[in-house]
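Have a look at work_16.txt; it's compact mmCIF, C-alpha atoms:
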```txt
# COMPACT_ATOMS: atom_id res chain seq x y z
CA MET A 1 99.57 106.14 100.84
CA SER A 2 98.13 109.61 100.93
CA THR A 3 99.24 112.22 98.46
CA VAL A 4 101.95 114.74 99.27
CA GLU A 5 101.43 118.46 98.75
CA LEU A 6 104.20 119.86 96.57
CA THR A 7 105.38 123.42 97.01
CA LYS A 8 108.29 125.36 95.58
CA ASP A 9 110.03 124.71 98.91
CA ASN A 10 109.82 120.89 98.88
CA PHE A 11 109.56 120.13 95.14
CA ASP A 12 113.27 119.51 94.44
CA GLU A 13 113.69 117.38 97.56
CA ILE A 14 110.69 115.14 96.84
CA VAL A 15 111.53 114.68 93.15
CA SER A 16 115.23 114.06 93.90
CA ASP A 17 114.63 111.66 96.80
CA ASN A 18 112.07 109.45 95.01
CA GLU A 19 112.46 107.32 91.90
CA PHE A 20 108.87 107.67 90.65
CA VAL A 21 106.64 110.69 91.33
CA LEU A 22 103.19 111.31 89.84
CA ILE A 23 102.23 114.98 90.06
CA ASP A 24 98.69 116.29 89.71
CA PHE A 25 98.56 120.03 88.94
CA TRP A 26 95.09 121.14 90.04
CA ALA A 27 92.94 123.91 91.55
CA SER A 28 89.94 123.76 93.84
CA TRP A 29 87.68 125.70 91.41
CA CYS A 30 88.39 123.27 88.54
CA GLY A 31 85.56 120.78 87.88
CA PRO A 32 87.68 118.24 85.93
CA CYS A 33 90.30 118.47 88.72
CA ARG A 34 87.66 117.53 91.30
CA GLN A 35 86.60 114.60 89.08
CA PHE A 36 90.20 113.39 88.68
CA GLY A 37 91.06 113.75 92.40
CA PRO A 38 89.38 110.52 93.58
CA VAL A 39 90.92 108.57 90.65
CA PHE A 40 94.37 109.90 91.60
CA GLU A 41 93.79 109.12 95.31
CA ALA A 42 92.60 105.56 94.53
CA ALA A 43 95.71 104.94 92.41
CA SER A 44 97.87 106.18 95.29
CA GLU A 45 96.29 103.50 97.50
CA ARG A 46 96.98 100.78 94.91
CA HIS A 47 100.57 101.84 94.19
CA GLN A 48 102.01 102.51 97.62
CA ASP A 49 105.58 102.14 96.29
CA LEU A 50 105.13 105.33 94.23
CA VAL A 51 104.90 108.94 95.37
CA PHE A 52 101.67 110.71 94.44
CA ALA A 53 101.88 114.48 94.79
CA LYS A 54 99.58 117.42 94.14
CA VAL A 55 100.40 120.99 93.20
CA ASP A 56 97.66 123.53 93.93
CA THR A 57 98.22 125.87 90.98
CA GLU A 58 96.51 128.74 92.83
CA ALA A 59 98.77 128.50 95.89
CA GLN A 60 101.88 127.53 93.90
CA GLN A 61 101.67 129.83 90.88
CA GLU A 62 105.46 130.04 90.61
CA LEU A 63 105.77 126.23 90.39
CA ALA A 64 102.94 125.98 87.85
CA ALA A 65 104.60 128.71 85.76
CA ALA A 66 107.98 126.96 85.94
CA PHE A 67 106.39 123.90 84.29
CA GLU A 68 104.37 126.04 81.86
CA ILE A 69 101.09 124.55 83.09
CA GLN A 70 98.45 126.04 80.77
CA SER A 71 95.52 123.78 81.52
CA ILE A 72 94.44 121.78 84.55
CA PRO A 73 94.34 119.11 85.62
CA THR A 74 97.76 118.26 84.21
CA LEU A 75 99.40 114.99 85.15
CA MET A 76 103.19 114.85 85.12
CA ILE A 77 105.28 111.78 85.88
CA VAL A 78 108.90 112.16 86.93
CA ARG A 79 111.04 109.05 87.00
CA ASP A 80 114.69 109.17 88.07
CA LYS A 81 114.52 112.99 87.99
CA VAL A 82 113.37 112.98 84.33
CA ALA A 83 109.88 114.16 83.34
CA VAL A 84 108.72 111.22 81.21
CA PHE A 85 105.07 112.25 80.85
CA ALA A 86 103.10 115.48 81.02
CA GLN A 87 99.60 115.90 79.66
CA PRO A 88 96.57 117.99 80.55
CA GLY A 89 93.20 116.37 81.07
CA ALA A 90 91.51 114.14 83.62
CA LEU A 91 92.33 110.50 82.95
CA PRO A 92 89.87 107.71 83.63
CA GLU A 93 91.04 105.08 86.10
CA ALA A 94 91.90 102.46 83.45
CA ALA A 95 94.00 104.96 81.47
CA LEU A 96 95.90 106.03 84.60
CA GLU A 97 96.61 102.40 85.49
CA ASP A 98 97.82 101.70 81.94
CA LEU A 99 100.05 104.78 82.02
CA ILE A 100 101.60 103.76 85.36
CA GLY A 101 102.32 100.31 83.90
CA GLN A 102 103.96 101.83 80.82
CA VAL A 103 106.15 104.18 82.86
CA ARG A 104 107.20 101.31 85.17
CA LYS A 105 108.48 99.43 82.08
CA LEU A 106 110.54 102.32 80.69
CA ASP A 107 114.24 101.69 80.24
CA MET A 108 115.52 104.83 81.93
CA ASP A 109 119.00 104.46 80.38
CA GLU A 110 117.31 104.71 76.97
CA VAL A 111 115.22 107.68 78.11
CA ARG A 112 118.31 109.53 79.39
CA LYS A 113 120.13 108.78 76.11
CA SER A 114 117.18 110.15 74.10
CA VAL A 115 117.09 113.31 76.23
CA ALA A 116 120.86 113.80 75.81
CA ASP A 117 120.60 113.24 72.04
CA ALA A 118 117.73 115.73 71.75
CA GLN A 119 119.63 118.32 73.78
CA ALA A 120 122.76 117.84 71.66
CA GLN A 121 120.72 118.19 68.48
CA GLY A 122 119.02 121.32 69.82
CA ASN A 123 122.38 122.85 70.72
CA ALA A 124 123.77 122.02 67.26
CA GLN A 125 120.88 123.87 65.57
CA GLN A 126 121.43 127.06 67.56
```
Target encoding structure tokens, full file:
Amino acid sequence: MSTVELTKDNFDEIVSDNEFVLIDFWASWCGPCRQFGPVFEAASERHQDLVFAKVDTEAQQELAAAFEIQSIPTLMIVRDKVAVFAQPGALPEAALEDLIGQVRKLDMDEVRKSVADAQAQGNAQQ
């Protein structure tokens, strides 16, 4: 499956309509982004049940700012509308495969409970 280009116009729809979305925040001038691109594309071919998406941080500055992207490439994984992973840096193929396997195994009920608990705790401290 080829990657999908994410924009501020289609972001919500793609993330809402798909259970598992891997997002590569990148820019054409970024050397590490160009190195990570083929790794990301190869993974998209191996995992055709997942959505692989790219955000060009130059063209989509508003979207990059909304996610506070400070460094590229940044890989974000959204599962069931919850961002479960976000980290800058180009991953080697083996690390990306391992990460995909870990995220597939997540108990999303537990993740949602942890998010709710953290939000409740944050609200209590304010």
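Atom to atom, atom CA of A:Pro38 and atom CA of A:Phe52 stand 12.3 Å apart.
Picture a line from atom CA of A:Ile69 to atom CA of A:Val51; it runs 20.2 Å.
Residues in contact range of A:Glu58, defined as at most 9 Å between only C-alpha atoms, with sequence neighbours fewer than 5 positions away removed, read A:Trp26, A:Ala27, A:Ser28, A:Ala64.
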Name the closest residue to A:Leu22 among the candidates A:Thr57, A:Val78, A:Phe36, A:Arg46; distances are taken between atoms, counting all atoms listed in the file. A:Val78
Nearby residues (only C-alpha atoms) at most 9 Å from A:Thr3, same-chain spacing under 4 positions excluded, as a PyMOL selection string: chain A and resi 40-41+44+51-54
Hey, can you spit out that residue selection with C-alpha atoms as a JSON list (two decimals), in the frame of the given file?
```
[["chain", "number", "residue", "atom", "x", "y", "z"],
["A", 40, "PHE", "CA", 94.37, 109.90, 91.60],
["A", 41, "GLU", "CA", 93.79, 109.12, 95.31],
["A", 44, "SER", "CA", 97.87, 106.18, 95.29],
["A", 51, "VAL", "CA", 104.90, 108.94, 95.37],
["A", 52, "PHE", "CA", 101.67, 110.71, 94.44],
["A", 53, "ALA", "CA", 101.88, 114.48, 94.79],
["A", 54, "LYS", "CA", 99.58, 117.42, 94.14]]
```
Which residues are near A:Val15? Cut-off 12 Å, only C-alpha atoms, ignore same chain within fewer than 5 positions. Put them as a PyMOL selection string. chain A and resi 4+6-10+20-23+50-53+76-83
Only all heavy atoms, please: stretch 64-75 of chain A from the block, as a compact mmCIF listing (two decimals), in the first residue's frame.
```txt
# COMPACT_ATOMS: atom_id res chain seq x y z
N ALA A 64 1.93 20.53 11.63
CA ALA A 64 3.16 20.26 12.39
C ALA A 64 3.17 21.04 13.70
O ALA A 64 3.54 20.50 14.75
CB ALA A 64 4.38 20.62 11.54
N ALA A 65 2.71 22.28 13.67
CA ALA A 65 2.65 23.10 14.89
C ALA A 65 1.64 22.54 15.88
O ALA A 65 1.88 22.52 17.09
CB ALA A 65 2.30 24.53 14.53
N ALA A 66 0.52 22.04 15.37
CA ALA A 66 -0.52 21.49 16.25
C ALA A 66 0.01 20.30 17.06
O ALA A 66 -0.40 20.09 18.20
CB ALA A 66 -1.74 21.06 15.43
N PHE A 67 0.95 19.56 16.48
CA PHE A 67 1.54 18.41 17.17
C PHE A 67 2.89 18.74 17.79
O PHE A 67 3.60 17.85 18.25
CB PHE A 67 1.64 17.21 16.22
CG PHE A 67 0.30 16.60 15.95
CD1 PHE A 67 -0.39 16.93 14.80
CD2 PHE A 67 -0.29 15.75 16.86
CE1 PHE A 67 -1.64 16.41 14.55
CE2 PHE A 67 -1.54 15.23 16.63
CZ PHE A 67 -2.22 15.56 15.47
N GLU A 68 3.23 20.04 17.79
CA GLU A 68 4.48 20.51 18.39
C GLU A 68 5.69 19.76 17.87
O GLU A 68 6.57 19.36 18.64
CB GLU A 68 4.38 20.44 19.92
CG GLU A 68 3.26 21.30 20.47
CD GLU A 68 3.09 21.21 21.97
OE1 GLU A 68 3.84 20.46 22.63
OE2 GLU A 68 2.19 21.89 22.47
N ILE A 69 5.72 19.54 16.56
CA ILE A 69 6.85 18.86 15.93
C ILE A 69 8.04 19.82 15.93
O ILE A 69 8.00 20.88 15.33
CB ILE A 69 6.50 18.41 14.49
CG1 ILE A 69 5.28 17.47 14.48
CG2 ILE A 69 7.72 17.77 13.82
CD1 ILE A 69 5.43 16.22 15.31
N GLN A 70 9.09 19.45 16.67
CA GLN A 70 10.27 20.29 16.82
C GLN A 70 11.43 19.80 15.96
O GLN A 70 12.33 20.55 15.65
CB GLN A 70 10.73 20.27 18.28
CG GLN A 70 9.65 20.63 19.27
CD GLN A 70 9.60 22.11 19.53
OE1 GLN A 70 10.63 22.75 19.60
NE2 GLN A 70 8.41 22.65 19.67
N SER A 71 11.40 18.51 15.63
CA SER A 71 12.53 17.89 14.96
C SER A 71 11.98 16.85 13.99
O SER A 71 10.99 16.17 14.30
CB SER A 71 13.39 17.27 16.07
OG SER A 71 14.28 16.35 15.60
N ILE A 72 12.60 16.75 12.83
CA ILE A 72 12.14 15.78 11.85
C ILE A 72 13.29 14.89 11.40
O ILE A 72 14.44 15.31 11.49
CB ILE A 72 11.46 16.46 10.63
CG1 ILE A 72 12.37 17.52 10.03
CG2 ILE A 72 10.11 17.03 11.01
CD1 ILE A 72 11.85 18.17 8.77
N PRO A 73 13.02 13.67 10.99
CA PRO A 73 11.68 13.08 10.94
C PRO A 73 11.15 12.79 12.35
O PRO A 73 11.93 12.52 13.26
CB PRO A 73 11.90 11.78 10.17
CG PRO A 73 13.32 11.40 10.46
CD PRO A 73 14.05 12.71 10.59
N THR A 74 9.85 12.87 12.50
CA THR A 74 9.19 12.41 13.72
C THR A 74 8.17 11.38 13.30
O THR A 74 7.39 11.61 12.36
CB THR A 74 8.48 13.57 14.47
OG1 THR A 74 9.48 14.41 15.06
CG2 THR A 74 7.59 13.05 15.58
N LEU A 75 8.19 10.24 13.97
CA LEU A 75 7.21 9.19 13.72
C LEU A 75 6.17 9.24 14.82
O LEU A 75 6.52 9.28 16.01
CB LEU A 75 7.89 7.81 13.70
CG LEU A 75 6.94 6.62 13.52
CD1 LEU A 75 6.29 6.65 12.14
CD2 LEU A 75 7.70 5.32 13.72
```
